[in-house]
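Chemist: After the structure tokens below, expect a handful of questions from me.
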Amino acid sequence: MKIPFRGAEAAPFDPTLVAPMSTAAKPELTGGRRIGVLVQHGFTGSPASMRPWAEDLAARGYAVEMPLLPGHGTRWQDMNKVSWADWVATVEGALDKLVAENDAVVAVGLSMGGALCLRLAADHGEDLAGVVIVNAAVDTMRKDVKLLPVLKHVVPAFPGIRNDIKKPGMDELAYPSVPLKAAASMFAGYAELRRDLPKITVPVLFFRSAVDHVVDISSSRAINAGLSSKDFEERVLEDSYHVATIDNDAPRIFSESAEFIERVTAAGRG
């Protein structure tokens, strides 16, 4: 990589492929109760990485809100105009909608999307029946992250890491560059989240890929050490990389998360 790296250019995304998703609950499929699920993609990614999971959840009768985070799905430069606070506000808005329209709500997320779900659990745990996270990012062992507060004023972006997927032919439709102002804001948000992990008491199901070239083991360690949830389980995915939601283990994620959602939302019946 040559410095200054100005950021890679890429063709615009097909808007239909990165569009958000919103579907109503079908209580006739869920025992008469309206169950909502917030589905959240990750940093520089798009709903394309979560759409098969969201569609599976909708087919099971769950209401689904899958937002497109501000700055995503357009040009990577747009991400440098927004921050962690904007992304938190977006998922809070989606949660408010689901809470207003349903009897119980669960949040599921990939990578930074998982971190945003944990942020919701720390701040609005009373509104959530549980959280499912896949390769959630809350920490890193990368040394260059400490330089982001300075680098973000000098370099607009670093080369991106996208499509960390073991299964051939899959595309998460993510940016080719990592916008540094956005990245600095994200890591600052992670630091605050790590301090607040003990506030989380809701049930948490955590899927983690054995081989992940984007999120390192420090995030797993922080989550395991920090959560106060008594109902917590970490399950290792042996046949997927980072974007496991569209990788070889996706069917397992779909079925096991559905079992988890059914169980934790049933706890409120009666």
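All residue names refer to the structure tokens as shown: chains lettered A, B, ... in order, residues numbered from 1 in each chain, ligands numbered from 1 in order.
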Excluding Pro52 in chain A and any residue of its chain fewer than 2 positions from it, enumerate the residues within 10 Å of it, using only C-alpha atoms, and give them as a PyMOL selection string.
Modeler: chain A and resi 47-50+54-58+245-246+250-251+254
Chemist: Give me the residues near Ile261 in chain A as a list in words, where near means some atom within 9 Å (using only C-alpha atoms) and where sequence neighbours in that chain fewer than 3 positions away do not count.
Modeler: Ile35, Val37, Val105, Val106, Ala129, Gly130, Val131, Val132, Glu256, Ser257, Ala258, Val264, Thr265 and Ala266 of chain A
Chemist: Using DSSP on the backbone, list every residue of range 154-243 of chain A that comes out as helix (DSSP H, G or I), and give them as a PyMOL selection string.
Modeler: chain A and resi 180-199+217-226
Chemist: Could you tell me, as a list of chain:residue names, which residues of range 118-232 of chain A DSSP assigns to strand (DSSP E) when given the backbone?
Modeler: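 The residues of range 118-232 of chain A classed as strand (DSSP E) are A:Gly130, A:Val131, A:Val132, A:Ile133, A:Val134, A:Ala157, A:Phe158, A:Pro159, A:Ser177, A:Val178, A:Pro179, A:Val204, A:Leu205, A:Phe206, A:Phe207, A:Arg208, A:Ser209, A:Phe232.
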Chemist: Could you check which of A:Val88, A:Ala107, A:Val214, A:Ala115 is closest to Val64 in chain A, using only C-alpha atoms?
Modeler: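 When distances to Val64 in chain A are compared using only C-alpha atoms, the smallest one comes from A:Ala107.
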Chemist: Have a look at A:Pro70, A:Phe158, A:Ser240, A:Asp127 and name the one nearest to Ala100 in chain A; count only C-alpha atoms.
Modeler: A:Asp127
Chemist: If we count only C-alpha atoms, what is near Arg208 in chain A at a cut-off of 8 Å, once residues fewer than 3 positions away on the same chain are taken out, given as a ChimeraX atom specification?
Modeler: /A:134-136,220,234-237
Chemist: Given the selection you just returned, output its residues as a file containing N, CA and C atoms, formatted as a CSV table (one decimal), in the first residue's frame.
Modeler:
```
chain,number,residue,atom,x,y,z
A,134,VAL,N,-23.0,-12.6,15.3
A,134,VAL,CA,-22.2,-13.5,14.4
A,134,VAL,C,-20.9,-12.7,14.2
A,135,ASN,N,-19.8,-13.3,14.7
A,135,ASN,CA,-18.5,-12.7,14.5
A,135,ASN,C,-18.5,-11.2,14.9
A,136,ALA,N,-19.1,-11.0,16.0
A,136,ALA,CA,-19.2,-9.6,16.5
A,136,ALA,C,-17.9,-9.0,16.8
A,220,SER,N,-13.9,-11.9,21.0
A,220,SER,CA,-14.5,-13.0,21.7
A,220,SER,C,-14.1,-13.0,23.2
A,234,GLU,N,-21.5,-19.5,23.4
A,234,GLU,CA,-20.7,-19.2,22.2
A,234,GLU,C,-20.6,-20.5,21.4
A,235,ARG,N,-20.9,-20.5,20.1
A,235,ARG,CA,-20.8,-21.6,19.3
A,235,ARG,C,-19.9,-21.4,18.1
A,236,VAL,N,-18.9,-22.3,17.9
A,236,VAL,CA,-17.9,-22.1,16.9
A,236,VAL,C,-18.3,-22.6,15.5
A,237,LEU,N,-18.2,-21.8,14.5
A,237,LEU,CA,-18.5,-22.2,13.1
A,237,LEU,C,-17.2,-22.7,12.4
```
Chemist: List the neighbours of range 145-156 of chain A out to 6 Å using only C-alpha atoms; skip same-chain residues closer than 4 positions along the sequence, and give me the result as number ranges by chain.
Modeler: A: 4, 179-181, 184
Chemist: Just want the 9 Å neighbourhood of Val202 in chain A, counted on only C-alpha atoms, with same-chain residues fewer than 6 positions away dropped. Output as JSON, numbers by chain.
Modeler: {"A": [121, 122, 125, 126, 128, 129, 130, 131, 228, 229, 230, 231, 232]}
Chemist: Could you build a table of the residues in range 134-188 of chain A lying no more than 10 Å from range 10-20 of chain A, giving for each the nearest pair of atoms and their separation in Å rounded to one decimal place, using only C-alpha atoms, ordered by chain and ascending residue number, as JSON lines?
Modeler:
```
{"residue": "A:Glu172", "atom": "CA", "partner": "A:Val18", "partner_atom": "CA", "distance": 9.5}
{"residue": "A:Leu173", "atom": "CA", "partner": "A:Phe13", "partner_atom": "CA", "distance": 7.4}
{"residue": "A:Ala174", "atom": "CA", "partner": "A:Phe13", "partner_atom": "CA", "distance": 9.1}
{"residue": "A:Tyr175", "atom": "CA", "partner": "A:Ala10", "partner_atom": "CA", "distance": 7.9}
{"residue": "A:Pro176", "atom": "CA", "partner": "A:Ala10", "partner_atom": "CA", "distance": 7.1}
{"residue": "A:Ser177", "atom": "CA", "partner": "A:Ala10", "partner_atom": "CA", "distance": 9.4}
```
Chemist: Pull N, CA, C and O atoms from the residues just selected and write them as a PDB file, in the first residue's frame.
Modeler:
```
ATOM      1  N   GLU A 172     -20.716 -10.008  -0.527  1.00  0.00           N
ATOM      2  CA  GLU A 172     -21.449  -9.286   0.517  1.00  0.00           C
ATOM      3  C   GLU A 172     -21.781  -7.843   0.123  1.00  0.00           C
ATOM      4  O   GLU A 172     -22.470  -7.135   0.877  1.00  0.00           O
ATOM      5  N   LEU A 173     -21.301  -7.405  -1.048  1.00  0.00           N
ATOM      6  CA  LEU A 173     -21.528  -6.031  -1.515  1.00  0.00           C
ATOM      7  C   LEU A 173     -21.063  -5.021  -0.472  1.00  0.00           C
ATOM      8  O   LEU A 173     -21.843  -4.232   0.067  1.00  0.00           O
ATOM      9  N   ALA A 174     -19.774  -5.040  -0.206  1.00  0.00           N
ATOM     10  CA  ALA A 174     -19.149  -4.121   0.742  1.00  0.00           C
ATOM     11  C   ALA A 174     -18.209  -3.181  -0.003  1.00  0.00           C
ATOM     12  O   ALA A 174     -17.807  -3.442  -1.142  1.00  0.00           O
ATOM     13  N   TYR A 175     -17.835  -2.102   0.653  1.00  0.00           N
ATOM     14  CA  TYR A 175     -16.925  -1.130   0.051  1.00  0.00           C
ATOM     15  C   TYR A 175     -15.516  -1.715  -0.124  1.00  0.00           C
ATOM     16  O   TYR A 175     -15.065  -2.520   0.699  1.00  0.00           O
ATOM     17  N   PRO A 176     -14.785  -1.239  -1.155  1.00  0.00           N
ATOM     18  CA  PRO A 176     -13.406  -1.691  -1.363  1.00  0.00           C
ATOM     19  C   PRO A 176     -12.398  -0.965  -0.477  1.00  0.00           C
ATOM     20  O   PRO A 176     -11.218  -1.285  -0.483  1.00  0.00           O
ATOM     21  N   SER A 177     -12.876   0.020   0.266  1.00  0.00           N
ATOM     22  CA  SER A 177     -11.999   0.830   1.115  1.00  0.00           C
ATOM     23  C   SER A 177     -12.575   0.949   2.514  1.00  0.00           C
ATOM     24  O   SER A 177     -13.786   0.873   2.703  1.00  0.00           O
TER      25      SER A 177
END
```
Chemist: Figure out the distance between CA of Trp84 in chain A and CA of Ala182 in chain A, please, to one decimal in Å.
Modeler: 7.5 Å
Chemist: Restricting the calculation to only C-alpha atoms, which member of A:Glu92, A:Asp144, A:Glu259, A:Asp103 is positioned closest to Met66 in chain A?
Modeler: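 Distance minimum relative to Met66 in chain A lands on A:Glu92.
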Chemist: Between A:Val215, A:Val138, A:Ala183, A:Val243, which has the minimum distance to Arg162 in chain A (counting only C-alpha atoms)?
Modeler: A:Val243
Chemist: Quick one: of A:Tyr190, A:Phe43, A:Glu65, A:Arg51, who's nearest to Val82 in chain A, counting only C-alpha atoms?
Modeler: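 Of A:Tyr190, A:Phe43, A:Glu65, A:Arg51, the one nearest Val82 in chain A, counting only C-alpha atoms, is A:Phe43.
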Chemist: Check the smallest atom-to-atom distance from each of A:His41, A:Arg252, A:His72, A:Arg119 to Asp196 in chain A using only C-alpha atoms, then report the winner.
Modeler: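 Of all the options, A:Arg119 lies closest to Asp196 in chain A.
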